[in-house]
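Trainee: Dropping a structure here in structure tokens format, bear with me for questions.
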Amino acid sequence: MISPPIALATARLRALPARRIVASVMLVAVGALLTEGAGRLAERRAVAAVVEEGRAAWPLASAALLAEIDRQRTVPVVLAQEGSIRASLRLPLAGNLSAVNEKLRLLAEQTQAQVIYLLNRDGRAVAASNYREPDSFVGSDYRFRRYYAQAIANGSAQQYALGTVSGRPGVYLSQRVDEGDTPLGVVVAKVELDNVEAAWGRTTRPTFVTDARGVVLATSVPAWRFHTVAPLSAPEADAARDDLQFPDADLSPLPGAERLADGTWRLRAVAEAGRFAETVAPLDRGPESWRLHILSPLDGARRAAGIPARLVTALTLLLLALAAFLLARRRRREQEKRDALARTAQALEAAVAARTAELTRANGQLEREMRERAEAQDRIIRLRDDLAQANRLATLGQITAGVAHEINQPLAAIRAYAENARRFLERAQSETARENLGHIVGLTERVGSITDTLRSIARRPAGGRSRVELREAVDGAMLMLSTRLAEQRIEVVPPDATGSFAVEADRLRLEQVLVNLLRNAMDALRGHPAPRIAITLGRGDGRVRLGVSDNGPGLSPEQMDRLFTPFSTTKPDGLGLGLVISQDIVSEFGGQLSAGPAPGGGAAFLIELPEAGRP
């Protein structure tokens, strides 16, 4: 069985013209397309920003790598010129070698090289900085190393390889030691890139270096070392293992990584898995055609940009549709009101015509009846206007959550002033009516300012400021709430401080904040046997302080934690926007809005603003 609300909605939908249904569907489709388009545009911009950040990070990463290598590059060159080094290679006596060992050890500590060692002409290590350690290089044969053969042949060389003794990879920098045209041996310094890789690893961007074949050498992801960015053929893999002098190197493609057709990467085995943009370029002076790769994460940036963009676009379109709907309904109701008045006028004219004969026989009585009828008609019109006004106010309560929350009191005050002005005009008290109309103009300007302030949640308005006396702002807020204060019989304790309390602000928006605080206090005091609101003024340290406190039930710790959170409220019919908007207004004026318990029980709110200079 279909429930009554669903059945009613179905009946109304069937009653709508087909073209209106088609138009509604088309509007929804256009809104969805605009929302998705805005989200994708924001995502593209976010991706472009991430790519640009990767390009900006590339010089820093490459500089760190090259600086670590360049710092050790001069060590073999300088040592190759040392007389003690040449002497130890010409005549390798035990005493000479002991001194050289110690010299190499001290130099390795000072330069932070992993190891520095000296090879004779036959490729055997005769001295090393690690000569004291169990895995000392002294006595080891390194003729098979490419950095030895190339240094003997060309004077210098460098090679990235796995250590045969330590089992740790590093860059080997070698320099030939000559005596005239005769090579005596080779000085070698090994540089391990642990510090550089650790620095890369502290970022969210996986960073690694590849050689000419795409083999990963230095990397912030240890599991990728000696893997490749693309599959290698068997001959290519054998050649790579020979260059690295590491026959057991895996040389398979990067585990948990996949390069996509658009040039991005999909990673699964890193801390932040997902899509990554690649920034890659050859090192300007790097060894052996090295290329530096930086992978920048895309998914987080896309979500951070796309979701808010879609949400803002959808909310904007929804508000525009709601505003159009409410405007159309208002026009329809105004037309219905005019039609009803016309029907009433027609009925009255018919009644007057039917009783014309009787009116001519008793002119005096007719005049009295006409006056009574006119007065009754005026009352009917006033009642009808009151009902229409109440209906419009109820409708305005649905326009937006923020507008209904903020302009309720100004509209009530405008209505009261308008009714009073009409009565004063009927009594020919034009001056008093003019004053009421002046108040209406001021409150109308205030409503405009309030609606601009509500839009400040998405776009901060550029309103002007002037010198405002806080007493005047308090008086304006009290004026707007005087009727309700009297109805609730709330005792208001005014500030007892003397002197000027001036700030640089917008008076209407400042009054809006005070109205919000006073209304919250009045709501908290509902049902209290002796309600009381105290307003205080003070100054100090170049700031002016305005406090609003009540003797109500106060605020619990849970309520305090989410007091200034949007849509968080303690009222059954509250919206949770008043304090958020008030805090935003006070912050815009350079001040601060805070809350806490009142000394005698209840809640206390404190506004702190910079004191204005003397005029």
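Naming works like this for the structure tokens: A, B, ... for the chains as they're shown, residue 1 at the start of each chain, ligands 1 onward in shown order.
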I'd like the neighbourhood of segment 472-482 of chain A as a PDB file with N, CA, C and O atoms, in the first residue's frame, where a residue qualifies if any of its atoms comes within 10 Å (using only C-alpha atoms), though same-chain residues fewer than 2 positions away should be ignored.
Mentor:
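New file part-v8.pdb:
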ATOM      1  N   GLN A 409      14.687  39.450  13.140  1.00  0.00           N
ATOM      2  CA  GLN A 409      14.413  40.602  14.002  1.00  0.00           C
ATOM      3  C   GLN A 409      14.261  41.893  13.194  1.00  0.00           C
ATOM      4  O   GLN A 409      13.344  42.678  13.456  1.00  0.00           O
ATOM      5  N   PRO A 410      15.174  42.227  12.199  1.00  0.00           N
ATOM      6  CA  PRO A 410      14.961  43.441  11.422  1.00  0.00           C
ATOM      7  C   PRO A 410      13.614  43.469  10.718  1.00  0.00           C
ATOM      8  O   PRO A 410      12.960  44.512  10.652  1.00  0.00           O
ATOM      9  N   LEU A 411      13.152  42.336  10.196  1.00  0.00           N
ATOM     10  CA  LEU A 411      11.863  42.325   9.510  1.00  0.00           C
ATOM     11  C   LEU A 411      10.709  42.584  10.495  1.00  0.00           C
ATOM     12  O   LEU A 411       9.752  43.300  10.185  1.00  0.00           O
ATOM     13  N   ALA A 412      10.826  41.999  11.681  1.00  0.00           N
ATOM     14  CA  ALA A 412       9.793  42.248  12.679  1.00  0.00           C
ATOM     15  C   ALA A 412       9.748  43.719  13.061  1.00  0.00           C
ATOM     16  O   ALA A 412       8.672  44.319  13.220  1.00  0.00           O
ATOM     17  N   ALA A 413      10.939  44.330  13.223  1.00  0.00           N
ATOM     18  CA  ALA A 413      10.977  45.749  13.569  1.00  0.00           C
ATOM     19  C   ALA A 413      10.414  46.598  12.442  1.00  0.00           C
ATOM     20  O   ALA A 413       9.691  47.571  12.671  1.00  0.00           O
ATOM     21  N   ILE A 414      10.743  46.258  11.186  1.00  0.00           N
ATOM     22  CA  ILE A 414      10.215  47.008  10.034  1.00  0.00           C
ATOM     23  C   ILE A 414       8.686  46.936  10.024  1.00  0.00           C
ATOM     24  O   ILE A 414       7.983  47.929   9.785  1.00  0.00           O
ATOM     25  N   LEU A 443      16.568  50.221   8.989  1.00  0.00           N
ATOM     26  CA  LEU A 443      16.500  48.759   9.129  1.00  0.00           C
ATOM     27  C   LEU A 443      16.598  48.067   7.776  1.00  0.00           C
ATOM     28  O   LEU A 443      17.142  46.969   7.667  1.00  0.00           O
ATOM     29  N   VAL A 468      32.927  53.758  15.311  1.00  0.00           N
ATOM     30  CA  VAL A 468      31.646  53.333  15.894  1.00  0.00           C
ATOM     31  C   VAL A 468      31.787  53.322  17.412  1.00  0.00           C
ATOM     32  O   VAL A 468      32.738  52.745  17.956  1.00  0.00           O
ATOM     33  N   GLU A 469      30.849  53.971  18.088  1.00  0.00           N
ATOM     34  CA  GLU A 469      30.780  53.904  19.545  1.00  0.00           C
ATOM     35  C   GLU A 469      30.007  52.642  19.929  1.00  0.00           C
ATOM     36  O   GLU A 469      28.887  52.427  19.464  1.00  0.00           O
ATOM     37  N   LEU A 470      30.607  51.820  20.768  1.00  0.00           N
ATOM     38  CA  LEU A 470      29.956  50.563  21.135  1.00  0.00           C
ATOM     39  C   LEU A 470      28.637  50.816  21.851  1.00  0.00           C
ATOM     40  O   LEU A 470      27.710  50.012  21.763  1.00  0.00           O
ATOM     41  N   ARG A 484      10.673  41.856  22.254  1.00  0.00           N
ATOM     42  CA  ARG A 484      10.818  40.514  22.795  1.00  0.00           C
ATOM     43  C   ARG A 484      11.353  40.529  24.224  1.00  0.00           C
ATOM     44  O   ARG A 484      10.965  39.715  25.047  1.00  0.00           O
ATOM     45  N   LEU A 485      12.248  41.483  24.517  1.00  0.00           N
ATOM     46  CA  LEU A 485      12.741  41.589  25.894  1.00  0.00           C
ATOM     47  C   LEU A 485      11.598  41.900  26.859  1.00  0.00           C
ATOM     48  O   LEU A 485      11.523  41.369  27.962  1.00  0.00           O
ATOM     49  N   ALA A 486      10.705  42.764  26.414  1.00  0.00           N
ATOM     50  CA  ALA A 486       9.574  43.109  27.273  1.00  0.00           C
ATOM     51  C   ALA A 486       8.624  41.917  27.433  1.00  0.00           C
ATOM     52  O   ALA A 486       8.087  41.672  28.513  1.00  0.00           O
ATOM     53  N   GLU A 487       8.424  41.171  26.339  1.00  0.00           N
ATOM     54  CA  GLU A 487       7.526  40.023  26.431  1.00  0.00           C
ATOM     55  C   GLU A 487       8.053  38.973  27.402  1.00  0.00           C
ATOM     56  O   GLU A 487       7.295  38.366  28.154  1.00  0.00           O
ATOM     57  N   ILE A 490      12.642  40.244  30.693  1.00  0.00           N
ATOM     58  CA  ILE A 490      14.061  40.040  30.989  1.00  0.00           C
ATOM     59  C   ILE A 490      14.645  41.348  31.491  1.00  0.00           C
ATOM     60  O   ILE A 490      14.479  42.404  30.874  1.00  0.00           O
ATOM     61  N   VAL A 492      17.596  43.736  31.828  1.00  0.00           N
ATOM     62  CA  VAL A 492      18.834  44.016  31.119  1.00  0.00           C
ATOM     63  C   VAL A 492      19.655  44.987  31.957  1.00  0.00           C
ATOM     64  O   VAL A 492      19.210  46.092  32.258  1.00  0.00           O
ATOM     65  N   PRO A 494      22.549  47.430  31.974  1.00  0.00           N
ATOM     66  CA  PRO A 494      23.384  48.128  30.993  1.00  0.00           C
ATOM     67  C   PRO A 494      24.807  48.302  31.526  1.00  0.00           C
ATOM     68  O   PRO A 494      25.063  48.161  32.718  1.00  0.00           O
ATOM     69  N   PRO A 495      25.756  48.624  30.645  1.00  0.00           N
ATOM     70  CA  PRO A 495      27.142  48.839  31.095  1.00  0.00           C
ATOM     71  C   PRO A 495      27.246  50.078  31.980  1.00  0.00           C
ATOM     72  O   PRO A 495      26.599  51.103  31.705  1.00  0.00           O
ATOM     73  N   PHE A 501      34.085  54.378  24.041  1.00  0.00           N
ATOM     74  CA  PHE A 501      34.523  53.023  23.690  1.00  0.00           C
ATOM     75  C   PHE A 501      34.325  52.887  22.173  1.00  0.00           C
ATOM     76  O   PHE A 501      33.353  52.321  21.700  1.00  0.00           O
ATOM     77  N   ALA A 502      35.254  53.473  21.424  1.00  0.00           N
ATOM     78  CA  ALA A 502      35.121  53.547  19.971  1.00  0.00           C
ATOM     79  C   ALA A 502      36.026  52.514  19.303  1.00  0.00           C
ATOM     80  O   ALA A 502      37.135  52.241  19.763  1.00  0.00           O
ATOM     81  N   ASP A 506      31.991  48.397  11.036  1.00  0.00           N
ATOM     82  CA  ASP A 506      30.738  48.736  10.372  1.00  0.00           C
ATOM     83  C   ASP A 506      29.619  48.595  11.403  1.00  0.00           C
ATOM     84  O   ASP A 506      29.409  47.522  11.955  1.00  0.00           O
ATOM     85  N   ARG A 507      28.923  49.682  11.666  1.00  0.00           N
ATOM     86  CA  ARG A 507      27.973  49.672  12.767  1.00  0.00           C
ATOM     87  C   ARG A 507      26.861  48.651  12.560  1.00  0.00           C
ATOM     88  O   ARG A 507      26.481  47.927  13.489  1.00  0.00           O
ATOM     89  N   LEU A 508      26.335  48.558  11.346  1.00  0.00           N
ATOM     90  CA  LEU A 508      25.218  47.642  11.119  1.00  0.00           C
ATOM     91  C   LEU A 508      25.646  46.191  11.358  1.00  0.00           C
ATOM     92  O   LEU A 508      24.929  45.411  11.988  1.00  0.00           O
ATOM     93  N   ARG A 509      26.826  45.840  10.890  1.00  0.00           N
ATOM     94  CA  ARG A 509      27.282  44.456  11.082  1.00  0.00           C
ATOM     95  C   ARG A 509      27.648  44.198  12.542  1.00  0.00           C
ATOM     96  O   ARG A 509      27.490  43.089  13.041  1.00  0.00           O
ATOM     97  N   LEU A 510      28.153  45.239  13.226  1.00  0.00           N
ATOM     98  CA  LEU A 510      28.448  45.075  14.647  1.00  0.00           C
ATOM     99  C   LEU A 510      27.147  44.888  15.429  1.00  0.00           C
ATOM    100  O   LEU A 510      27.064  44.084  16.364  1.00  0.00           O
ATOM    101  N   GLU A 511      26.114  45.652  15.062  1.00  0.00           N
ATOM    102  CA  GLU A 511      24.813  45.450  15.710  1.00  0.00           C
ATOM    103  C   GLU A 511      24.287  44.046  15.424  1.00  0.00           C
ATOM    104  O   GLU A 511      23.641  43.421  16.271  1.00  0.00           O
ATOM    105  N   GLN A 512      24.557  43.544  14.234  1.00  0.00           N
ATOM    106  CA  GLN A 512      24.120  42.184  13.900  1.00  0.00           C
ATOM    107  C   GLN A 512      24.723  41.161  14.868  1.00  0.00           C
ATOM    108  O   GLN A 512      24.053  40.241  15.327  1.00  0.00           O
ATOM    109  N   VAL A 513      26.015  41.337  15.173  1.00  0.00           N
ATOM    110  CA  VAL A 513      26.668  40.425  16.118  1.00  0.00           C
ATOM    111  C   VAL A 513      26.004  40.517  17.491  1.00  0.00           C
ATOM    112  O   VAL A 513      25.718  39.512  18.144  1.00  0.00           O
ATOM    113  N   LEU A 514      25.744  41.765  17.950  1.00  0.00           N
ATOM    114  CA  LEU A 514      25.131  41.943  19.268  1.00  0.00           C
ATOM    115  C   LEU A 514      23.721  41.351  19.305  1.00  0.00           C
ATOM    116  O   LEU A 514      23.306  40.756  20.302  1.00  0.00           O
ATOM    117  N   VAL A 515      22.974  41.507  18.205  1.00  0.00           N
ATOM    118  CA  VAL A 515      21.628  40.929  18.157  1.00  0.00           C
ATOM    119  C   VAL A 515      21.719  39.406  18.270  1.00  0.00           C
ATOM    120  O   VAL A 515      20.933  38.767  18.979  1.00  0.00           O
ATOM    121  N   ASN A 516      22.678  38.792  17.598  1.00  0.00           N
ATOM    122  CA  ASN A 516      22.842  37.334  17.696  1.00  0.00           C
ATOM    123  C   ASN A 516      23.129  36.901  19.134  1.00  0.00           C
ATOM    124  O   ASN A 516      22.531  35.952  19.646  1.00  0.00           O
ATOM    125  N   LEU A 517      24.047  37.614  19.799  1.00  0.00           N
ATOM    126  CA  LEU A 517      24.400  37.238  21.168  1.00  0.00           C
ATOM    127  C   LEU A 517      23.214  37.441  22.108  1.00  0.00           C
ATOM    128  O   LEU A 517      22.949  36.606  22.986  1.00  0.00           O
ATOM    129  N   LEU A 518      22.500  38.569  21.961  1.00  0.00           N
ATOM    130  CA  LEU A 518      21.349  38.827  22.833  1.00  0.00           C
ATOM    131  C   LEU A 518      20.230  37.818  22.572  1.00  0.00           C
ATOM    132  O   LEU A 518      19.565  37.355  23.506  1.00  0.00           O
ATOM    133  N   ARG A 519      20.011  37.468  21.318  1.00  0.00           N
ATOM    134  CA  ARG A 519      18.959  36.482  21.023  1.00  0.00           C
ATOM    135  C   ARG A 519      19.296  35.115  21.617  1.00  0.00           C
ATOM    136  O   ARG A 519      18.428  34.428  22.145  1.00  0.00           O
ATOM    137  N   MET A 522      18.534  35.336  25.221  1.00  0.00           N
ATOM    138  CA  MET A 522      17.085  35.317  25.451  1.00  0.00           C
ATOM    139  C   MET A 522      16.521  33.908  25.281  1.00  0.00           C
ATOM    140  O   MET A 522      15.646  33.486  26.054  1.00  0.00           O
ATOM    141  N   ILE A 535      25.304  43.528  30.324  1.00  0.00           N
ATOM    142  CA  ILE A 535      26.181  44.005  29.259  1.00  0.00           C
ATOM    143  C   ILE A 535      27.273  44.846  29.908  1.00  0.00           C
ATOM    144  O   ILE A 535      26.992  45.758  30.694  1.00  0.00           O
ATOM    145  N   LEU A 546      33.646  44.065  25.034  1.00  0.00           N
ATOM    146  CA  LEU A 546      32.201  44.140  25.264  1.00  0.00           C
ATOM    147  C   LEU A 546      31.720  42.738  25.634  1.00  0.00           C
ATOM    148  O   LEU A 546      31.932  41.785  24.866  1.00  0.00           O
TER     149      LEU A 546
END
Trainee: Hey, what's within 12 Å of segment 233-235 of chain A if we count only C-alpha atoms and toss same-chain stuff fewer than 2 positions away? As a VMD selection string, please?
Mentor: chain A and resid 213 228 230 to 231 237 to 242 250 to 253
Trainee: Would you put the residues from that selection into a file with N, CA and C atoms, as a PDB file, in the first residue's frame?
Mentor:
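Generated output (again.pdb):
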ATOM      1  N   ARG A 213      70.357   2.438 -19.096  1.00  0.00           N
ATOM      2  CA  ARG A 213      69.456   1.334 -19.424  1.00  0.00           C
ATOM      3  C   ARG A 213      68.160   1.375 -18.618  1.00  0.00           C
ATOM      4  N   THR A 228      64.137  -2.048 -12.848  1.00  0.00           N
ATOM      5  CA  THR A 228      64.164  -1.210 -14.048  1.00  0.00           C
ATOM      6  C   THR A 228      62.815  -0.533 -14.231  1.00  0.00           C
ATOM      7  N   ALA A 230      61.569  -0.119 -17.194  1.00  0.00           N
ATOM      8  CA  ALA A 230      60.952  -0.817 -18.324  1.00  0.00           C
ATOM      9  C   ALA A 230      61.636  -2.180 -18.468  1.00  0.00           C
ATOM     10  N   PRO A 231      60.933  -3.162 -18.982  1.00  0.00           N
ATOM     11  CA  PRO A 231      61.546  -4.496 -19.111  1.00  0.00           C
ATOM     12  C   PRO A 231      62.786  -4.467 -20.005  1.00  0.00           C
ATOM     13  N   ALA A 237      69.932  -7.143 -20.040  1.00  0.00           N
ATOM     14  CA  ALA A 237      70.069  -7.435 -18.618  1.00  0.00           C
ATOM     15  C   ALA A 237      71.471  -7.947 -18.298  1.00  0.00           C
ATOM     16  N   ASP A 238      72.039  -8.812 -19.177  1.00  0.00           N
ATOM     17  CA  ASP A 238      73.403  -9.323 -18.947  1.00  0.00           C
ATOM     18  C   ASP A 238      74.417  -8.188 -19.004  1.00  0.00           C
ATOM     19  N   ALA A 239      74.223  -7.265 -19.964  1.00  0.00           N
ATOM     20  CA  ALA A 239      75.142  -6.134 -20.073  1.00  0.00           C
ATOM     21  C   ALA A 239      75.044  -5.233 -18.849  1.00  0.00           C
ATOM     22  N   ALA A 240      73.821  -5.047 -18.349  1.00  0.00           N
ATOM     23  CA  ALA A 240      73.640  -4.208 -17.163  1.00  0.00           C
ATOM     24  C   ALA A 240      74.290  -4.849 -15.946  1.00  0.00           C
ATOM     25  N   ARG A 241      74.119  -6.159 -15.787  1.00  0.00           N
ATOM     26  CA  ARG A 241      74.760  -6.830 -14.649  1.00  0.00           C
ATOM     27  C   ARG A 241      76.287  -6.747 -14.748  1.00  0.00           C
ATOM     28  N   ASP A 242      76.789  -6.777 -15.969  1.00  0.00           N
ATOM     29  CA  ASP A 242      78.227  -6.676 -16.149  1.00  0.00           C
ATOM     30  C   ASP A 242      78.721  -5.276 -15.796  1.00  0.00           C
ATOM     31  N   ASP A 250      68.475  -8.299  -9.811  1.00  0.00           N
ATOM     32  CA  ASP A 250      67.172  -8.766 -10.291  1.00  0.00           C
ATOM     33  C   ASP A 250      66.864  -8.190 -11.669  1.00  0.00           C
ATOM     34  N   LEU A 251      66.932  -6.862 -11.790  1.00  0.00           N
ATOM     35  CA  LEU A 251      66.705  -6.149 -13.047  1.00  0.00           C
ATOM     36  C   LEU A 251      65.329  -6.410 -13.650  1.00  0.00           C
ATOM     37  N   SER A 252      64.354  -6.738 -12.799  1.00  0.00           N
ATOM     38  CA  SER A 252      62.967  -6.836 -13.271  1.00  0.00           C
ATOM     39  C   SER A 252      62.310  -5.461 -13.135  1.00  0.00           C
ATOM     40  N   PRO A 253      61.155  -5.222 -13.773  1.00  0.00           N
ATOM     41  CA  PRO A 253      60.477  -3.927 -13.640  1.00  0.00           C
ATOM     42  C   PRO A 253      60.134  -3.622 -12.176  1.00  0.00           C
TER      43      PRO A 253
END
Trainee: Quick one: distance from atom CA of Ile585 of chain A to atom CA of Thr536 of chain A in Å, one decimal?
Mentor: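 Here the two named atoms are 19.9 Å from each other.
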Trainee: How would you write, as a VMD selection string, the set of residues in segment 537-604 of chain A that DSSP gives as alpha helix (DSSP H)?
Mentor: chain A and resid 557 to 561 578 to 588
Trainee: Considering only C-alpha atoms, can you say which of A:Arg302, A:Ile69, A:Ala223, A:Gly263 comes closest to Lys190 of chain A?
Mentor: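 Closest to Lys190 of chain A, using only C-alpha atoms: A:Ile69.
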Trainee: So that I can check the secondary structure, give me every residue of segment 139-214 of chain A assigned strand (DSSP E) by backbone DSSP, as a count of residues only.
Mentor: 32
Trainee: Which of these residues is nearest to Ala49 of chain A, using only C-alpha atoms: A:Leu298, A:Leu437, A:Ala421, A:Val186?
Mentor: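 Nearest to Ala49 of chain A: A:Leu298.
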Trainee: Calculate how many Å separate atom CA of Ala281 of chain A from atom CA of Ala67 of chain A, rounding to one decimal.
Mentor: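 Between these atoms lies a distance of 17.2 Å.
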Trainee: Quick one: everything within 6 Å of Glu608 of chain A, counting only C-alpha atoms, minus sequence neighbours fewer than 4 positions away in the same chain. Send it as a list in words.
Mentor: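 Non-adjacent residues within range: Val544, Arg545, Gly591 and Gln592 of chain A.
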Trainee: For those residues, write N, CA and C atoms to a file as a short mmCIF file (atom, residue, chain, number, x, y, z; two decimals), in the first residue's frame.
Mentor:
data_model
loop_
_atom_site.label_atom_id
_atom_site.label_comp_id
_atom_site.auth_asym_id
_atom_site.auth_seq_id
_atom_site.Cartn_x
_atom_site.Cartn_y
_atom_site.Cartn_z
N VAL A 544 39.26 47.15 23.11
CA VAL A 544 37.98 47.41 23.78
C VAL A 544 37.25 46.08 23.92
N ARG A 545 36.65 45.86 25.09
CA ARG A 545 35.98 44.58 25.37
C ARG A 545 34.52 44.83 25.68
N GLY A 591 39.21 41.59 15.45
CA GLY A 591 38.93 41.23 16.84
C GLY A 591 38.77 39.75 17.05
N GLN A 592 38.21 39.41 18.21
CA GLN A 592 38.05 38.01 18.58
C GLN A 592 36.74 37.86 19.37
#
Trainee: Skipping near chain neighbours, those fewer than 4 positions away, what residues fall within 10 Å of Gly601 of chain A using only C-alpha atoms, listed as a ChimeraX atom specification?
Mentor: /A:549-555,597
Trainee: Kindly export the residues of the current selection with all heavy atoms, as a PDB file, in the first residue's frame.
Mentor:
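That gives us out.pdb:
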ATOM      1  N   SER A 549      26.434  38.511  29.109  1.00  0.00           N
ATOM      2  CA  SER A 549      26.301  37.312  29.940  1.00  0.00           C
ATOM      3  C   SER A 549      24.856  37.181  30.422  1.00  0.00           C
ATOM      4  O   SER A 549      24.111  38.157  30.479  1.00  0.00           O
ATOM      5  CB  SER A 549      27.257  37.379  31.140  1.00  0.00           C
ATOM      6  OG  SER A 549      26.969  38.506  31.940  1.00  0.00           O
ATOM      7  N   ASP A 550      24.462  35.960  30.747  1.00  0.00           N
ATOM      8  CA  ASP A 550      23.122  35.697  31.237  1.00  0.00           C
ATOM      9  C   ASP A 550      23.213  34.768  32.443  1.00  0.00           C
ATOM     10  O   ASP A 550      24.275  34.233  32.755  1.00  0.00           O
ATOM     11  CB  ASP A 550      22.254  35.062  30.129  1.00  0.00           C
ATOM     12  CG  ASP A 550      22.821  33.743  29.637  1.00  0.00           C
ATOM     13  OD1 ASP A 550      22.759  32.761  30.412  1.00  0.00           O
ATOM     14  OD2 ASP A 550      23.332  33.699  28.511  1.00  0.00           O
ATOM     15  N   ASN A 551      22.098  34.599  33.129  1.00  0.00           N
ATOM     16  CA  ASN A 551      22.046  33.703  34.286  1.00  0.00           C
ATOM     17  C   ASN A 551      21.256  32.442  33.951  1.00  0.00           C
ATOM     18  O   ASN A 551      20.538  31.901  34.778  1.00  0.00           O
ATOM     19  CB  ASN A 551      21.432  34.424  35.491  1.00  0.00           C
ATOM     20  CG  ASN A 551      19.987  34.892  35.221  1.00  0.00           C
ATOM     21  OD1 ASN A 551      19.588  34.972  34.054  1.00  0.00           O
ATOM     22  ND2 ASN A 551      19.226  35.201  36.262  1.00  0.00           N
ATOM     23  N   GLY A 552      21.396  32.008  32.698  1.00  0.00           N
ATOM     24  CA  GLY A 552      20.696  30.809  32.256  1.00  0.00           C
ATOM     25  C   GLY A 552      21.416  29.532  32.656  1.00  0.00           C
ATOM     26  O   GLY A 552      22.278  29.525  33.541  1.00  0.00           O
ATOM     27  N   PRO A 553      21.126  28.425  31.985  1.00  0.00           N
ATOM     28  CA  PRO A 553      21.719  27.127  32.357  1.00  0.00           C
ATOM     29  C   PRO A 553      23.187  26.987  31.967  1.00  0.00           C
ATOM     30  O   PRO A 553      23.854  26.072  32.400  1.00  0.00           O
ATOM     31  CB  PRO A 553      20.867  26.116  31.578  1.00  0.00           C
ATOM     32  CG  PRO A 553      20.339  26.897  30.406  1.00  0.00           C
ATOM     33  CD  PRO A 553      20.112  28.282  30.915  1.00  0.00           C
ATOM     34  N   GLY A 554      23.718  27.891  31.123  1.00  0.00           N
ATOM     35  CA  GLY A 554      25.126  27.810  30.755  1.00  0.00           C
ATOM     36  C   GLY A 554      25.364  26.792  29.636  1.00  0.00           C
ATOM     37  O   GLY A 554      24.436  26.261  29.027  1.00  0.00           O
ATOM     38  N   LEU A 555      26.647  26.549  29.353  1.00  0.00           N
ATOM     39  CA  LEU A 555      27.058  25.670  28.262  1.00  0.00           C
ATOM     40  C   LEU A 555      27.873  24.499  28.802  1.00  0.00           C
ATOM     41  O   LEU A 555      28.765  24.693  29.634  1.00  0.00           O
ATOM     42  CB  LEU A 555      27.906  26.444  27.242  1.00  0.00           C
ATOM     43  CG  LEU A 555      27.203  27.613  26.534  1.00  0.00           C
ATOM     44  CD1 LEU A 555      28.216  28.442  25.762  1.00  0.00           C
ATOM     45  CD2 LEU A 555      26.119  27.107  25.605  1.00  0.00           C
ATOM     46  N   PRO A 597      31.949  30.297  30.784  1.00  0.00           N
ATOM     47  CA  PRO A 597      30.914  30.369  31.826  1.00  0.00           C
ATOM     48  C   PRO A 597      30.856  31.759  32.460  1.00  0.00           C
ATOM     49  O   PRO A 597      31.864  32.444  32.615  1.00  0.00           O
ATOM     50  CB  PRO A 597      31.368  29.301  32.829  1.00  0.00           C
ATOM     51  CG  PRO A 597      32.847  29.227  32.650  1.00  0.00           C
ATOM     52  CD  PRO A 597      33.102  29.483  31.200  1.00  0.00           C
TER      53      PRO A 597
END
Trainee: Please identify all polymer residues within 12 Å of Ala29 of chain A, counting only C-alpha atoms, omitting same-chain residues fewer than 6 positions from it, and present them as a ChimeraX atom specification.
Mentor: /A:22-23,35-36,314,317
Trainee: Do you have the atom CA of Val171 of chain A-atom CA of Leu193 of chain A distance handy?
Mentor: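 Result for atom CA of Val171 of chain A versus atom CA of Leu193 of chain A: 8.0 Å, one decimal.
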Trainee: At a cut-off of 8 Å, using only C-alpha atoms, what residues contact Arg275 of chain A? Leave out same-chain residues fewer than 6 positions from it and give the result as a PDB file with N, CA and C atoms, in the first residue's frame.
Mentor:
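Result written to out08.pdb:
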ATOM      1  N   THR A 264      51.842   8.939 -16.680  1.00  0.00           N
ATOM      2  CA  THR A 264      51.778   8.907 -15.220  1.00  0.00           C
ATOM      3  C   THR A 264      52.063   7.482 -14.730  1.00  0.00           C
ATOM      4  N   TRP A 265      52.250   7.366 -13.427  1.00  0.00           N
ATOM      5  CA  TRP A 265      52.518   6.075 -12.794  1.00  0.00           C
ATOM      6  C   TRP A 265      51.396   5.714 -11.847  1.00  0.00           C
ATOM      7  N   ARG A 266      51.124   4.422 -11.740  1.00  0.00           N
ATOM      8  CA  ARG A 266      50.219   3.911 -10.704  1.00  0.00           C
ATOM      9  C   ARG A 266      51.065   3.053  -9.753  1.00  0.00           C
ATOM     10  N   LEU A 267      51.144   3.498  -8.496  1.00  0.00           N
ATOM     11  CA  LEU A 267      51.963   2.808  -7.495  1.00  0.00           C
ATOM     12  C   LEU A 267      51.064   2.121  -6.481  1.00  0.00           C
ATOM     13  N   PRO A 297      52.480  12.742  -6.111  1.00  0.00           N
ATOM     14  CA  PRO A 297      51.145  12.139  -5.964  1.00  0.00           C
ATOM     15  C   PRO A 297      50.058  13.053  -6.503  1.00  0.00           C
ATOM     16  N   LEU A 298      49.117  12.453  -7.243  1.00  0.00           N
ATOM     17  CA  LEU A 298      48.034  13.211  -7.875  1.00  0.00           C
ATOM     18  C   LEU A 298      46.685  13.022  -7.195  1.00  0.00           C
ATOM     19  N   ASP A 299      46.416  11.820  -6.660  1.00  0.00           N
ATOM     20  CA  ASP A 299      45.056  11.515  -6.205  1.00  0.00           C
ATOM     21  C   ASP A 299      44.600  12.449  -5.096  1.00  0.00           C
TER      22      ASP A 299
END
Trainee: Give me the residues within 7 Å of Tyr160 of chain A as a ChimeraX atom specification, counting only C-alpha atoms and dropping any in the same chain fewer than 5 places off.
Mentor: /A:170-172,244
Trainee: Of the candidates A:Pro76, A:Gly438, A:Pro17, A:Gly123, which shows the shortest atom-to-atom distance to Leu89 of chain A, using only C-alpha atoms?
Mentor: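 Using only C-alpha atoms, the shortest distance to Leu89 of chain A belongs to A:Gly123.
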